[in-house]
Structure formats: structure tokens, C-alpha cells
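The structure file upload_17.cif is reproduced below (mmCIF, C-alpha atoms and all ligand atoms).
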```cif
data_final
#
loop_
_atom_site.label_atom_id
_atom_site.label_comp_id
_atom_site.auth_asym_id
_atom_site.auth_seq_id
_atom_site.Cartn_x
_atom_site.Cartn_y
_atom_site.Cartn_z
CA MET J 1175 59.40 -164.74 -42.99
CA ALA J 1176 57.28 -166.73 -45.44
CA LEU J 1177 58.56 -167.31 -48.96
CA VAL J 1178 56.54 -168.12 -52.05
CA ALA J 1179 58.06 -169.00 -55.43
CA ASN J 1180 55.60 -168.99 -58.33
CA ASN J 1181 56.45 -170.52 -61.71
CA LEU J 1182 60.03 -169.34 -61.59
CA LEU J 1183 61.94 -169.19 -64.82
CA LYS J 1184 65.61 -168.32 -65.22
CA GLU J 1185 67.37 -168.02 -68.54
CA PHE J 1186 71.02 -167.16 -69.15
CA GLU J 1187 71.02 -165.93 -72.75
CA SER J 1188 69.11 -168.75 -74.44
CA PHE J 1189 70.02 -171.38 -71.84
CA ILE J 1190 67.14 -172.32 -69.52
CA ALA J 1191 68.61 -172.87 -66.05
CA ILE J 1192 65.35 -173.07 -64.08
CA LYS J 1193 61.82 -173.72 -65.25
CA ASP J 1194 58.40 -174.12 -63.58
CA VAL J 1195 59.70 -173.90 -60.04
CA SER J 1196 56.99 -173.30 -57.45
CA PHE J 1197 57.17 -173.89 -53.70
CA ARG J 1198 56.36 -172.29 -50.37
CA VAL J 1199 58.39 -171.97 -47.21
CA LYS J 1200 56.55 -171.17 -43.99
CA ASP J 1201 57.78 -168.61 -41.49
CA GLY J 1202 60.33 -170.29 -39.22
CA GLU J 1203 60.59 -173.39 -41.38
CA PHE J 1204 63.87 -175.17 -42.15
CA VAL J 1205 63.87 -176.30 -45.79
CA CYS J 1206 66.73 -178.07 -47.55
CA ILE J 1207 67.28 -178.21 -51.30
CA ILE J 1208 69.11 -181.12 -52.89
CA GLY J 1209 69.74 -181.93 -56.51
CA PRO J 1210 72.44 -182.79 -59.01
CA SER J 1211 75.26 -180.41 -59.73
CA GLY J 1212 74.18 -177.71 -62.18
CA CYS J 1213 70.42 -178.07 -61.52
CA GLY J 1214 70.15 -174.44 -60.46
CA LYS J 1215 70.35 -174.50 -56.65
CA THR J 1216 72.76 -171.57 -56.40
CA THR J 1217 70.88 -169.65 -59.07
CA LEU J 1218 67.64 -170.15 -57.13
CA LEU J 1219 69.18 -168.85 -53.88
CA ARG J 1220 70.74 -165.90 -55.72
CA MET J 1221 67.36 -164.98 -57.19
CA ILE J 1222 65.79 -165.07 -53.73
CA ALA J 1223 68.67 -162.95 -52.44
CA GLY J 1224 67.99 -160.43 -55.20
CA LEU J 1225 71.47 -160.98 -56.68
CA GLU J 1226 70.19 -162.54 -59.90
CA LYS J 1227 67.46 -161.22 -62.17
CA ILE J 1228 64.30 -163.31 -62.46
CA THR J 1229 63.36 -164.09 -66.07
CA GLY J 1230 59.80 -165.18 -65.34
CA GLY J 1231 57.43 -165.86 -62.45
CA GLU J 1232 57.84 -164.28 -59.04
CA ILE J 1233 59.34 -164.64 -55.58
CA LEU J 1234 57.32 -163.23 -52.69
CA LEU J 1235 58.70 -162.59 -49.22
CA ASP J 1236 55.81 -162.04 -46.81
CA GLY J 1237 53.77 -161.15 -49.89
CA ARG J 1238 56.22 -158.63 -51.37
CA GLY J 1239 58.02 -159.30 -54.64
CA VAL J 1240 61.82 -159.57 -54.56
CA VAL J 1241 63.45 -156.87 -56.65
CA LYS J 1242 66.81 -156.29 -55.00
CA PRO J 1243 68.99 -157.49 -52.12
CA GLY J 1244 67.90 -156.52 -48.63
CA LYS J 1245 68.76 -156.76 -44.97
CA ASP J 1246 65.85 -159.17 -44.47
CA ARG J 1247 67.91 -161.88 -46.22
CA GLY J 1248 71.24 -163.23 -45.03
CA PHE J 1249 73.51 -165.30 -47.27
CA VAL J 1250 76.12 -167.86 -46.22
CA PHE J 1251 78.29 -169.30 -49.00
CA GLN J 1252 80.25 -172.52 -49.28
CA GLU J 1253 83.55 -170.73 -49.82
CA TYR J 1254 85.03 -169.03 -46.82
CA THR J 1255 84.23 -165.43 -47.57
CA LEU J 1256 85.59 -163.61 -44.53
CA PHE J 1257 87.76 -160.53 -44.93
CA PRO J 1258 91.27 -161.85 -44.26
CA TRP J 1259 92.48 -158.50 -42.91
CA ARG J 1260 89.77 -158.31 -40.26
CA THR J 1261 89.61 -160.23 -37.00
CA ALA J 1262 86.62 -162.50 -36.26
CA GLN J 1263 85.07 -159.71 -34.20
CA LYS J 1264 85.62 -157.11 -36.94
CA ASN J 1265 84.23 -159.46 -39.60
CA VAL J 1266 81.02 -159.85 -37.61
CA GLU J 1267 80.85 -156.09 -37.05
CA PHE J 1268 81.17 -155.33 -40.76
CA GLY J 1269 77.46 -155.04 -41.66
CA LEU J 1270 76.77 -152.96 -38.57
CA GLU J 1271 79.60 -150.62 -39.47
CA ILE J 1272 78.12 -150.13 -42.95
CA GLN J 1273 74.79 -149.25 -41.34
CA GLY J 1274 76.56 -146.63 -39.27
CA MET J 1275 75.92 -148.23 -35.88
CA GLY J 1276 78.00 -146.74 -33.03
CA LYS J 1277 81.21 -148.43 -31.96
CA ASN J 1278 80.15 -149.69 -28.54
CA GLU J 1279 76.76 -150.85 -29.67
CA ARG J 1280 78.12 -152.85 -32.59
CA LYS J 1281 80.89 -154.32 -30.47
CA GLU J 1282 78.35 -155.59 -27.96
CA LEU J 1283 75.99 -156.97 -30.60
CA ALA J 1284 78.81 -158.72 -32.50
CA LYS J 1285 79.99 -160.26 -29.24
CA LYS J 1286 76.52 -161.66 -28.62
CA TYR J 1287 76.58 -163.50 -31.96
CA ILE J 1288 80.17 -164.66 -31.54
CA ASP J 1289 79.01 -166.25 -28.28
CA LEU J 1290 75.97 -167.74 -30.02
CA VAL J 1291 78.14 -169.53 -32.61
CA GLY J 1292 80.43 -170.80 -29.85
CA LEU J 1293 83.50 -168.67 -30.59
CA SER J 1294 83.96 -166.78 -27.33
CA GLY J 1295 87.66 -166.26 -26.80
CA PHE J 1296 88.45 -166.21 -30.53
CA GLU J 1297 87.32 -162.62 -31.19
CA SER J 1298 90.76 -161.28 -32.02
CA ARG J 1299 91.84 -164.14 -34.30
CA TYR J 1300 92.24 -163.55 -38.02
CA PRO J 1301 90.55 -165.94 -40.50
CA LYS J 1302 93.84 -167.69 -41.31
CA GLU J 1303 94.20 -168.49 -37.60
CA LEU J 1304 90.81 -170.25 -37.55
CA SER J 1305 89.82 -173.72 -38.80
CA GLY J 1306 87.32 -174.06 -41.68
CA GLY J 1307 84.51 -174.86 -39.24
CA MET J 1308 85.35 -171.83 -37.13
CA GLN J 1309 85.47 -169.59 -40.21
CA GLN J 1310 81.98 -170.77 -41.18
CA ARG J 1311 80.80 -170.03 -37.64
CA VAL J 1312 82.08 -166.47 -38.08
CA ALA J 1313 80.30 -166.27 -41.45
CA ILE J 1314 77.05 -167.41 -39.81
CA ALA J 1315 77.49 -164.88 -36.99
CA ARG J 1316 78.20 -162.17 -39.58
CA SER J 1317 74.86 -162.98 -41.24
CA LEU J 1318 72.82 -163.32 -38.06
CA VAL J 1319 74.08 -160.07 -36.52
CA ASN J 1320 72.17 -158.15 -39.21
CA ASN J 1321 69.00 -159.83 -37.95
CA PRO J 1322 67.82 -161.25 -41.28
CA GLU J 1323 64.39 -162.87 -41.38
CA ILE J 1324 65.52 -165.61 -43.72
CA LEU J 1325 68.91 -167.25 -43.95
CA LEU J 1326 69.97 -168.51 -47.38
CA MET J 1327 72.75 -171.06 -47.04
CA ASP J 1328 74.54 -172.47 -50.10
CA GLU J 1329 76.36 -175.68 -49.16
CA PRO J 1330 77.85 -173.92 -46.14
CA PHE J 1331 79.38 -177.08 -44.69
CA GLY J 1332 80.45 -178.61 -48.01
CA ALA J 1333 84.15 -178.02 -47.47
CA LEU J 1334 84.28 -179.36 -43.90
CA ASP J 1335 85.40 -182.81 -42.78
CA ALA J 1336 82.61 -185.21 -41.79
CA GLN J 1337 83.01 -184.84 -38.04
CA THR J 1338 83.13 -181.03 -38.06
CA ARG J 1339 80.19 -181.03 -40.41
CA ASN J 1340 78.05 -183.13 -38.06
CA LEU J 1341 78.93 -180.81 -35.20
CA MET J 1342 78.06 -177.72 -37.26
CA GLN J 1343 74.68 -179.24 -38.14
CA VAL J 1344 73.87 -179.69 -34.45
CA GLU J 1345 75.03 -176.13 -33.74
CA LEU J 1346 73.01 -174.68 -36.61
CA LEU J 1347 69.85 -176.36 -35.30
CA ARG J 1348 70.56 -174.94 -31.84
CA MET J 1349 70.88 -171.42 -33.34
CA TRP J 1350 67.78 -171.90 -35.47
CA GLU J 1351 65.72 -172.92 -32.46
CA LYS J 1352 67.02 -169.93 -30.51
CA GLU J 1353 66.70 -167.30 -33.23
CA HIS J 1354 63.51 -168.51 -34.96
CA LYS J 1355 64.80 -167.80 -38.46
CA THR J 1356 63.45 -169.21 -41.69
CA ILE J 1357 66.25 -171.22 -43.32
CA LEU J 1358 66.69 -172.31 -46.92
CA PHE J 1359 69.72 -174.59 -47.02
CA VAL J 1360 71.29 -176.08 -50.15
CA THR J 1361 73.27 -179.28 -49.72
CA HIS J 1362 74.76 -182.13 -51.71
CA SER J 1363 74.34 -184.45 -48.78
CA VAL J 1364 71.13 -186.43 -48.39
CA ASP J 1365 72.28 -187.27 -44.88
CA GLU J 1366 72.58 -183.60 -43.99
CA ALA J 1367 69.15 -182.79 -45.45
CA VAL J 1368 67.45 -185.55 -43.46
CA PHE J 1369 69.16 -184.45 -40.26
CA LEU J 1370 68.28 -180.77 -40.65
CA ALA J 1371 65.12 -180.17 -42.61
CA ASP J 1372 61.42 -179.96 -41.94
CA ARG J 1373 61.01 -180.52 -45.67
CA VAL J 1374 63.42 -181.33 -48.49
CA ILE J 1375 62.99 -179.99 -52.01
CA VAL J 1376 64.44 -182.47 -54.50
CA MET J 1377 65.40 -180.85 -57.79
CA THR J 1378 65.77 -182.26 -61.27
CA THR J 1379 68.19 -181.04 -63.88
CA ALA J 1380 68.28 -179.66 -67.43
CA PRO J 1381 66.33 -177.52 -66.94
CA GLY J 1382 66.27 -177.26 -63.17
CA GLY J 1383 62.87 -178.06 -61.73
CA ILE J 1384 61.25 -179.67 -58.72
CA ARG J 1385 60.92 -183.43 -58.69
CA GLU J 1386 59.28 -183.75 -55.31
CA ILE J 1387 59.09 -182.15 -51.88
CA VAL J 1388 59.59 -184.64 -49.06
CA GLU J 1389 58.52 -183.99 -45.49
CA VAL J 1390 60.75 -185.24 -42.66
CA LYS J 1391 58.38 -186.09 -39.84
CA VAL J 1392 60.94 -186.89 -37.17
CA ASP J 1393 61.27 -185.07 -33.83
CA ARG J 1394 64.54 -183.33 -33.02
CA PRO J 1395 67.13 -184.08 -31.87
CA ARG J 1396 67.22 -186.68 -34.60
CA ILE J 1397 69.15 -189.90 -34.39
CA ARG J 1398 70.94 -190.48 -37.68
CA THR J 1399 70.18 -194.22 -37.60
CA ASP J 1400 66.50 -193.84 -36.61
CA THR J 1401 64.12 -196.02 -38.67
CA GLU J 1402 62.14 -193.09 -40.05
CA VAL J 1403 65.33 -191.13 -40.77
CA ASN J 1404 66.59 -194.13 -42.74
CA ARG J 1405 63.30 -194.41 -44.60
CA VAL J 1406 63.34 -190.75 -45.66
CA ARG J 1407 67.03 -191.01 -46.61
CA ASP J 1408 66.25 -194.01 -48.85
CA ARG J 1409 63.36 -192.14 -50.40
CA LEU J 1410 65.54 -189.12 -51.16
CA LEU J 1411 68.30 -191.30 -52.55
CA SER J 1412 65.91 -193.08 -54.88
CA LEU J 1413 64.47 -189.73 -55.95
CA LEU J 1414 67.98 -188.57 -56.75
CA ASN J 1415 68.51 -191.85 -58.51
CA ILE J 1416 71.78 -192.36 -56.73
CA SER J 1417 72.56 -195.84 -55.56
CA TYR J 1418 73.50 -196.27 -51.93
CA LYS J 1419 76.89 -197.56 -53.07
CA GLU J 1420 77.75 -194.48 -55.10
CA SER J 1421 76.87 -192.10 -52.28
CA PHE J 1422 78.28 -193.83 -49.27
CA GLY J 1423 81.00 -195.95 -50.77
CA ASP J 1424 79.79 -199.19 -49.28
N1 LIG J 1501 76.09 -166.40 -64.85
C1 LIG J 1501 75.79 -167.48 -65.57
N2 LIG J 1501 75.81 -167.47 -66.91
C2 LIG J 1501 75.49 -168.54 -67.65
N3 LIG J 1501 75.12 -169.71 -67.13
C3 LIG J 1501 75.07 -169.80 -65.78
C4 LIG J 1501 75.40 -168.71 -64.92
N4 LIG J 1501 75.25 -169.12 -63.64
C5 LIG J 1501 74.87 -170.40 -63.67
N5 LIG J 1501 74.74 -170.82 -64.97
C6 LIG J 1501 74.31 -172.16 -65.38
O1 LIG J 1501 73.06 -172.44 -64.80
C7 LIG J 1501 72.99 -173.79 -64.37
C8 LIG J 1501 72.73 -173.83 -62.88
O2 LIG J 1501 73.89 -173.40 -62.17
P1 LIG J 1501 73.93 -173.36 -60.58
O3 LIG J 1501 72.76 -172.61 -60.10
O4 LIG J 1501 75.27 -172.88 -60.20
O5 LIG J 1501 73.77 -174.91 -60.23
P2 LIG J 1501 73.99 -175.70 -58.85
O6 LIG J 1501 74.21 -174.67 -57.79
O7 LIG J 1501 72.76 -176.51 -58.66
O8 LIG J 1501 75.18 -176.58 -59.06
C9 LIG J 1501 74.31 -174.43 -64.77
O9 LIG J 1501 74.14 -175.09 -65.98
C10 LIG J 1501 75.24 -173.25 -64.90
O10 LIG J 1501 76.27 -173.53 -65.82
MG MG J 1502 75.77 -174.38 -56.43
#
```
The structure in this file should be written as C-alpha cells.
Ligand SMILES: Nc1ncnc2c1ncn2[C@@H]1O[C@H](COP(=O)(O)OP(=O)(O)O)[C@@H](O)[C@H]1O
Ligand SMILES: [Mg+2]
Amino acid sequence: MALVANNLLKEFESFIAIKDVSFRVKDGEFVCIIGPSGCGKTTLLRMIAGLEKITGGEILLDGRGVVKPGKDRGFVFQEYTLFPWRTAQKNVEFGLEIQGMGKNERKELAKKYIDLVGLSGFESRYPKELSGGMQQRVAIARSLVNNPEILLMDEPFGALDAQTRNLMQVELLRMWEKEHKTILFVTHSVDEAVFLADRVIVMTTAPGGIREIVEVKVDRPRIRTDTEVNRVRDRLLSLLNISYKESFGD
């Protein structure tokens, strides 16, 4: 699904959260958004999801204006948002249940996505019996099972330890290549953006806007220490005006 944002404006009362934001995402593209805390990343995703009213401008999905939430968009949040009283399997089945899909059919479909996220054997576990990484895998499966055309991900790996996070990035790319979804992925991590994205939207703050859109022209699978990966990372860091020391502690 292709996405077009034209001159987006978002005001909360008299506070301007987002101003003059325009960009395009091609069908099947993986785009990351980075920017300082409070620059409007979550607000932007929520507007695309139809969860937040647009004050000005427009968002088009395959040419149609966003007015409300829809099945064509899946959302994965940073916080673990599973239902604690449902097993992994039943969490993934939730959306299908709401749609009124039959028991056997939804069981089978949920199983397919549990397999896809690498959780076969964990179907009957409850969220509290799963690690953070596994809970996010369930959340991703719960989104994908509804067959969205675009996946909106708001710092989904932000709460994971570095090693789990790297693994989840590899897994997400594997799913993306298999499912051919369009992905819009918000992250705080320049490293994560360079590893994942076809293009990275760098935002500015107060009010939130776009500083630059940087293309990552590196074949996948990417090597995190590759020369071009390093070059793009440096470019993004300087755009964010964060010194290497501040970000990586060395
Ligand atoms: N419901 C709201 N009411 C008022 N201000 C809000 C609301 N939601 C977000 N904001 C403000 O809008 C700005 C952008 O917030 P947010 O989109 O959450 O930023 P980010 O996700 O980039 O950290 C912040 O200044 C925040 O305080
Ligand atoms: Mg946010």
C-alpha cells in the first residue's frame, strides 16, 4: 500500500505538534522515522492509523484519504499490549474473533502467524510466561493475522535488550520479505534505522517537521560494520546532531 502525506498539520489546542510534513512511502517499502523525543513521531503514526484527528493537510493510502481506523493498517506499540488473560494463540486470534471468523479457520490462521514469528510450541503460554521479545513477536503476529497492507510500528523493540533487539530486527526483515508489507517504523536507534530501512525520515522538533529523508543503498542482509552502513549512520547522527559519544557511550 502506498502512503502519501501532504502538508500535515497537527495542533493540540493551540500547541503545534506537527507542521509542514510531506513524504511518500512506496508500496512494499520499509521506512524508518527517527527524531528527538516529543517531535511528533507517535502522533504522526496515530494520524495515519486514524486514531488522531488531522488538523490540516491530508494522508492518502492508495489515493484514499484517511478518516478512521481500518483493517488495512496494523499497529504495533512499544509497550507490551497483549491481553494478559489470553494465551499467545488466543491473543493472535482476537481480531479474527471480532470479525466473526469460524473457530477452526481462525485457529489455523493464527497458528500460521505464530509459526511465522517463530513461536511454535508456545501457543498455550500466557503473556507473563513469555519474555519481552516473545511478547512482541505475539503482538506482531496479532497484527499480521489481520492481513494489513501497512504495518505501523512505534518503537516496537525499544524495551528489549540489545541482543534480543538485533535478533528481532533480523526476524522482522525475514517476515517483511515474506509478507510484502509496507512498513513505517519509528525508532530512537540510528543503528536500528540503518539496519532496517530503505529510507529514513529524520524529524526535527518544536514543531515536528522533516529535516531530511536519507536513502540507505545497502543490499540485505546488511553487515552492521559495513562501510556504507557506517557512512549512513554517521550522516543520520550528524543530522540528529547527536555526538557519537552521547549515543554509543564511547
Ligand atoms: N493528546 C495530546 N494532547 C496534548 N499534547 C499532546 C498529545 N499527544 C502528544 N502531545 C504533544 O505532542 C508532541 C509530540 O508528541 P509525540 O507524538 O508523542 O512525540 P514522540 O513520539 O516523537 O516522542 C509532544 O510535545 C507531546 O507532548
Ligand atoms: Mg513516541
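Counting all atoms listed in the file, the residue from J:Phe1257, J:Phe1251, J:Tyr1287, J:Phe1186 that sits nearest to ligand MG 1502 (chain J) is J:Phe1251.
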Every residue with an atom at most 10 Å from (60.9, -169.0, -65.1) (file coordinates; only C-alpha atoms) is what I'm after, so could you write them as a ChimeraX atom specification? /J:1180-1185,1190-1196,1228-1232,1383
Quick one: write out the picked residues with C-alpha atoms as a PDB file, in the frame of the given file?
```
ATOM      1  CA  ASN J1180      55.600-168.990 -58.330  1.00  0.00           C
ATOM      2  CA  ASN J1181      56.450-170.520 -61.710  1.00  0.00           C
ATOM      3  CA  LEU J1182      60.030-169.340 -61.590  1.00  0.00           C
ATOM      4  CA  LEU J1183      61.940-169.190 -64.820  1.00  0.00           C
ATOM      5  CA  LYS J1184      65.610-168.320 -65.220  1.00  0.00           C
ATOM      6  CA  GLU J1185      67.370-168.020 -68.540  1.00  0.00           C
ATOM      7  CA  ILE J1190      67.140-172.320 -69.520  1.00  0.00           C
ATOM      8  CA  ALA J1191      68.610-172.870 -66.050  1.00  0.00           C
ATOM      9  CA  ILE J1192      65.350-173.070 -64.080  1.00  0.00           C
ATOM     10  CA  LYS J1193      61.820-173.720 -65.250  1.00  0.00           C
ATOM     11  CA  ASP J1194      58.400-174.120 -63.580  1.00  0.00           C
ATOM     12  CA  VAL J1195      59.700-173.900 -60.040  1.00  0.00           C
ATOM     13  CA  SER J1196      56.990-173.300 -57.450  1.00  0.00           C
ATOM     14  CA  ILE J1228      64.300-163.310 -62.460  1.00  0.00           C
ATOM     15  CA  THR J1229      63.360-164.090 -66.070  1.00  0.00           C
ATOM     16  CA  GLY J1230      59.800-165.180 -65.340  1.00  0.00           C
ATOM     17  CA  GLY J1231      57.430-165.860 -62.450  1.00  0.00           C
ATOM     18  CA  GLU J1232      57.840-164.280 -59.040  1.00  0.00           C
ATOM     19  CA  GLY J1383      62.870-178.060 -61.730  1.00  0.00           C
TER      20      GLY J1383
END
```
Go through J:Glu1345, J:Glu1329, J:Glu1303, J:Glu1279 one by one, measure the shortest atom-to-atom distance of each to ligand MG 1502 (chain J) using all atoms listed in the file, and give the residue with the smallest value. J:Glu1329
Any idea what's packed within 12 Å of J:Arg1339, counting all atoms listed in the file, ignoring anything in its chain fewer than 2 positions away? Could you give it as a list of chain:residue names? J:Gly1306, J:Gly1307, J:Met1308, J:Gln1310, J:Arg1311, J:Glu1329, J:Pro1330, J:Phe1331, J:Gly1332, J:Ala1333, J:Leu1334, J:Asp1335, J:Ala1336, J:Gln1337, J:Leu1341, J:Met1342, J:Gln1343, J:Val1344, J:Glu1345, J:Leu1346, J:Thr1361, J:Ser1363, J:Asp1365, J:Glu1366, J:Phe1369, J:Leu1370
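Residues in contact with J:Leu1283 at 10 Å, where all atoms listed in the file are counted and same-chain residues fewer than 3 positions away are skipped, are listed as Val1266, Glu1267, Leu1270, Asn1278, Glu1279, Arg1280, Lys1286, Tyr1287, Ile1288, Val1319 and Asn1320 of chain J.
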Can I get the selection written as a CSV table (one decimal), keeping the file's coordinate frame, with C-alpha atoms?
```csv
chain,number,residue,atom,x,y,z
J,1266,VAL,CA,81.0,-159.8,-37.6
J,1267,GLU,CA,80.8,-156.1,-37.0
J,1270,LEU,CA,76.8,-153.0,-38.6
J,1278,ASN,CA,80.2,-149.7,-28.5
J,1279,GLU,CA,76.8,-150.8,-29.7
J,1280,ARG,CA,78.1,-152.8,-32.6
J,1286,LYS,CA,76.5,-161.7,-28.6
J,1287,TYR,CA,76.6,-163.5,-32.0
J,1288,ILE,CA,80.2,-164.7,-31.5
J,1319,VAL,CA,74.1,-160.1,-36.5
J,1320,ASN,CA,72.2,-158.2,-39.2
```
Neighbours of ligand LIG 1501 (chain J) at 10 Å or closer, counting all atoms listed in the file: which residues, as a ChimeraX atom specification? /J:1184-1192,1207-1221,1226,1328-1329,1360-1362,1377-1382
Those selected residues, please, written with C-alpha atoms and delivered as a compact mmCIF listing (two decimals), in the coordinates of the input.
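Below is the file out-v9.txt, written as the result:
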```
# COMPACT_ATOMS: atom_id res chain seq x y z
CA LYS J 1184 65.61 -168.32 -65.22
CA GLU J 1185 67.37 -168.02 -68.54
CA PHE J 1186 71.02 -167.16 -69.15
CA GLU J 1187 71.02 -165.93 -72.75
CA SER J 1188 69.11 -168.75 -74.44
CA PHE J 1189 70.02 -171.38 -71.84
CA ILE J 1190 67.14 -172.32 -69.52
CA ALA J 1191 68.61 -172.87 -66.05
CA ILE J 1192 65.35 -173.07 -64.08
CA ILE J 1207 67.28 -178.21 -51.30
CA ILE J 1208 69.11 -181.12 -52.89
CA GLY J 1209 69.74 -181.93 -56.51
CA PRO J 1210 72.44 -182.79 -59.01
CA SER J 1211 75.26 -180.41 -59.73
CA GLY J 1212 74.18 -177.71 -62.18
CA CYS J 1213 70.42 -178.07 -61.52
CA GLY J 1214 70.15 -174.44 -60.46
CA LYS J 1215 70.35 -174.50 -56.65
CA THR J 1216 72.76 -171.57 -56.40
CA THR J 1217 70.88 -169.65 -59.07
CA LEU J 1218 67.64 -170.15 -57.13
CA LEU J 1219 69.18 -168.85 -53.88
CA ARG J 1220 70.74 -165.90 -55.72
CA MET J 1221 67.36 -164.98 -57.19
CA GLU J 1226 70.19 -162.54 -59.90
CA ASP J 1328 74.54 -172.47 -50.10
CA GLU J 1329 76.36 -175.68 -49.16
CA VAL J 1360 71.29 -176.08 -50.15
CA THR J 1361 73.27 -179.28 -49.72
CA HIS J 1362 74.76 -182.13 -51.71
CA MET J 1377 65.40 -180.85 -57.79
CA THR J 1378 65.77 -182.26 -61.27
CA THR J 1379 68.19 -181.04 -63.88
CA ALA J 1380 68.28 -179.66 -67.43
CA PRO J 1381 66.33 -177.52 -66.94
CA GLY J 1382 66.27 -177.26 -63.17
```
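Atom CA of J:Asp1372 to atom CA of J:Trp1350 spans 12.1 Å [interatomic distance, one decimal].
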Can you tell me, as a PyMOL selection string, what residues are no more than 9 Å from J:Arg1198 when counting all atoms listed in the file, ignoring any on the same chain fewer than 2 positions away? chain J and resi 1176-1180+1196+1200
Using all atoms listed in the file for the distances, tell me which of J:Leu1290, J:Ala1313, J:Leu1325, J:Arg1247 is nearest to J:Leu1358. J:Leu1325
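Going from atom CA of J:Leu1411 to atom CA of J:Lys1355 covers 27.6 Å.
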Suppose you want the space between atom CA of J:Gly1248 and atom CA of J:Glu1323; what is it in Å? 7.8 Å
